[in-house]
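Asks: Take this structure, written in structure tokens, and hold onto it; I'll ask about it next.
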Amino acid sequence: MNSLLKRLSLAALMIAVLPAYAVGPEPVWTLSGFAQPESVVYAKQQDLLYVSNVNGESTAKDGNGFISRVSPDGKMIKREWLKGLNAPKGLAYNSGYLYIADIDELVVVDTGNSRITARYKAAGAKFLNDVAVDTAGRVYVSDTGTNTIWRLSGTSFGVMLSSPKLEGPNGLLVEGGKLIVGSWGVMTGNGFETSEMGYLQSVDRTTAALEPRFAPIPFANIDGLVSDGKGGYIVSDWMHGNVYKISATGEANLWLLLEQGSADIGMGPNKRLLVPMMMNNELRAYALD
């Protein structure tokens, strides 16, 4: 009976997330010229966008990775603003510092002088992915490859939670006392293939207790995760190129139908959703309203 209920619930969800003719709006602007852009973050204090470029294999320590600086209206300011990284992915910005997930270390950059100020090694990490920061300056990093979430508090960098129940943690979002986690799904061991897709979960930032954010029905290989400002969320599905809006009550609706490679989304000024298209070497901006 539980299996039947799960299948019925999944079927109902698939109807909800696959409405007819859901192709979404055209981008407000598109900027090309990147090299596998994976993540974008808006630095409000500087009125700048930072974009990570993998520029090679996603786990290769080849020194090819770099960070771009872009204007909020979609103009390239400096393509290779920070060079010498390996395969940089998730980004977070706080008080003049940029935090970068780079395979198995968290890299901290002073954006004022464009210099790396610290590197925190995540021993045993395989695929550090997204980064989020809370109001106290604590930094959270997901490791999709080992079902682990790391935390930087002051200068102490260690494991916050490691559990197979995280099911490939990718997108991260700080929300009050919770860390919202978008999972990639249950890995098969064959690359990034999954036997079951991912969903949203919640981690208590004090106790590290893990709980489903909504009914735990898999619906996407979640990459990026942002707040919609209305109590809900927007998530990207890298494998299928989809972007979903998830209401405060947990209803998921397909909003954008894109190509494969819609990566770690960000929110820019003027309610612009920023979508790095990793396979297209583009950054796109969409109006939410």
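Residue names in the structure tokens use chain letters A, B, ... in the order shown, residue numbers from 1 in each chain, and ligand numbers from 1 in the order shown.
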Need to verify the contact set: A:Tyr120, 12 Å, only C-alpha atoms, exclusion of same-chain residues closer than 2 positions in sequence. Can you return it as a ChimeraX atom specification?

Replies: /A:99-109,116-118,122-123,125,128,139,141,150-158

Asks: Just the strand (DSSP E or B) stuff from stretch 33-259 of chain A, please, per backbone DSSP, written as number ranges by chain.

Replies: A: 37-43, 48-53, 65-70, 76-85, 88-94, 97-103, 105-110, 115-121, 128-133, 139-143, 148-153, 156-162, 169-175, 178-183, 185-187, 194-198, 200-204, 210-212, 220, 222-227, 233-237, 242-246, 252-257

Asks: Find the residues around A:Ser32 up to 12 Å (only C-alpha atoms counted), leave out those fewer than 6 positions away in its own chain, and share them as an MDAnalysis selection string.

Replies: chainID A and resid 51 68 70 74:76 79 276:285

Asks: Residues within 12 Å of A:Ser58, please, as a PyMOL selection string. Count only C-alpha atoms; anything in the same chain fewer than 6 positions from it doesn't count.

Replies: chain A and resi 35-38+52+64-65+85-89+101-104+126-129+145+191-192+278

Asks: Got a sec: who's within 8 Å of stretch 91-96 of chain A, counting only C-alpha atoms, leaving out chain neighbours fewer than 4 positions off, as number ranges by chain?

Replies: A: 39-43, 45, 50-52, 100-101, 110-112, 130-133, 137

Asks: Would you mind exporting the chosen residues as a short mmCIF file (atom, residue, chain, number, x, y, z; two decimals), in the first residue's frame, restricted to N, CA and C atoms?

Replies:
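Writing done, so here's selection_1.cif:
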```
data_model
loop_
_atom_site.label_atom_id
_atom_site.label_comp_id
_atom_site.auth_asym_id
_atom_site.auth_seq_id
_atom_site.Cartn_x
_atom_site.Cartn_y
_atom_site.Cartn_z
N SER A 39 28.09 28.76 -11.74
CA SER A 39 27.38 29.45 -10.68
C SER A 39 27.48 30.95 -10.87
N VAL A 40 26.47 31.67 -10.34
CA VAL A 40 26.48 33.13 -10.40
C VAL A 40 25.96 33.67 -9.08
N VAL A 41 26.57 34.76 -8.61
CA VAL A 41 26.12 35.39 -7.38
C VAL A 41 26.17 36.90 -7.58
N TYR A 42 25.19 37.58 -6.99
CA TYR A 42 25.12 39.04 -7.07
C TYR A 42 25.72 39.64 -5.80
N ALA A 43 26.72 40.51 -5.98
CA ALA A 43 27.33 41.22 -4.87
C ALA A 43 26.68 42.59 -4.79
N GLN A 45 26.70 45.00 -2.58
CA GLN A 45 27.54 46.12 -2.16
C GLN A 45 28.33 46.71 -3.32
N TYR A 50 29.33 37.84 -10.05
CA TYR A 50 30.49 36.97 -10.17
C TYR A 50 30.03 35.64 -10.75
N VAL A 51 30.76 35.13 -11.72
CA VAL A 51 30.39 33.88 -12.40
C VAL A 51 31.58 32.92 -12.38
N SER A 52 31.35 31.69 -11.92
CA SER A 52 32.41 30.69 -11.91
C SER A 52 32.46 29.96 -13.25
N ILE A 100 34.25 30.31 -2.74
CA ILE A 100 34.22 29.48 -3.94
C ILE A 100 34.42 28.02 -3.59
N ALA A 101 33.51 27.15 -4.06
CA ALA A 101 33.68 25.71 -3.92
C ALA A 101 34.54 25.21 -5.07
N ASP A 110 39.30 38.08 -1.28
CA ASP A 110 39.02 39.47 -0.96
C ASP A 110 38.75 40.18 -2.29
N THR A 111 37.49 40.54 -2.54
CA THR A 111 37.15 41.12 -3.83
C THR A 111 37.68 42.54 -3.99
N GLY A 112 38.10 43.15 -2.89
CA GLY A 112 38.66 44.49 -2.97
C GLY A 112 40.00 44.53 -3.66
N ASP A 130 27.70 23.56 -4.03
CA ASP A 130 27.10 24.88 -3.79
C ASP A 130 27.62 25.47 -2.49
N VAL A 131 27.45 26.80 -2.35
CA VAL A 131 27.90 27.53 -1.17
C VAL A 131 26.80 28.48 -0.73
N ALA A 132 26.59 28.61 0.57
CA ALA A 132 25.64 29.57 1.13
C ALA A 132 26.24 30.16 2.39
N VAL A 133 25.83 31.38 2.73
CA VAL A 133 26.35 32.04 3.92
C VAL A 133 25.20 32.61 4.73
N GLY A 137 27.83 35.12 9.13
CA GLY A 137 29.05 34.90 8.37
C GLY A 137 29.50 33.46 8.29
#
```

Asks: Tell me, in Å to one decimal, how far atom CA of A:Gln201 is from atom CA of A:Ala220.

Replies: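 Between atom CA of A:Gln201 and atom CA of A:Ala220 the gap is 13.0 Å.
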
Asks: For each of A:Thr59, A:Ser262, A:Ser183, A:Asn190, take the minimum atom-to-atom distance to A:Leu274, counting only C-alpha atoms, then give the residue where this is smallest.

Replies: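 Of A:Thr59, A:Ser262, A:Ser183, A:Asn190, the one nearest A:Leu274 is A:Ser262, counting only C-alpha atoms.
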
Asks: Which residue gives the smallest distance to A:Lys44 among A:Gly189, A:Gly56, A:Pro269, A:Gly84, with only C-alpha atoms counted?

Replies: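 Looking only at the distances to A:Lys44, the closest residue turns out to be A:Pro269.
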
Asks: Using only C-alpha atoms, find the one residue out of A:Ala209, A:Val174, A:Met267, A:Ile222 that sits nearest to A:Thr194.

Replies: A:Ile222

Asks: Measuring atom to atom with only C-alpha atoms, identify which of A:Leu172, A:Ile180, A:Ala287, A:Leu82 is nearest to A:Gly268.

Replies: A:Ala287
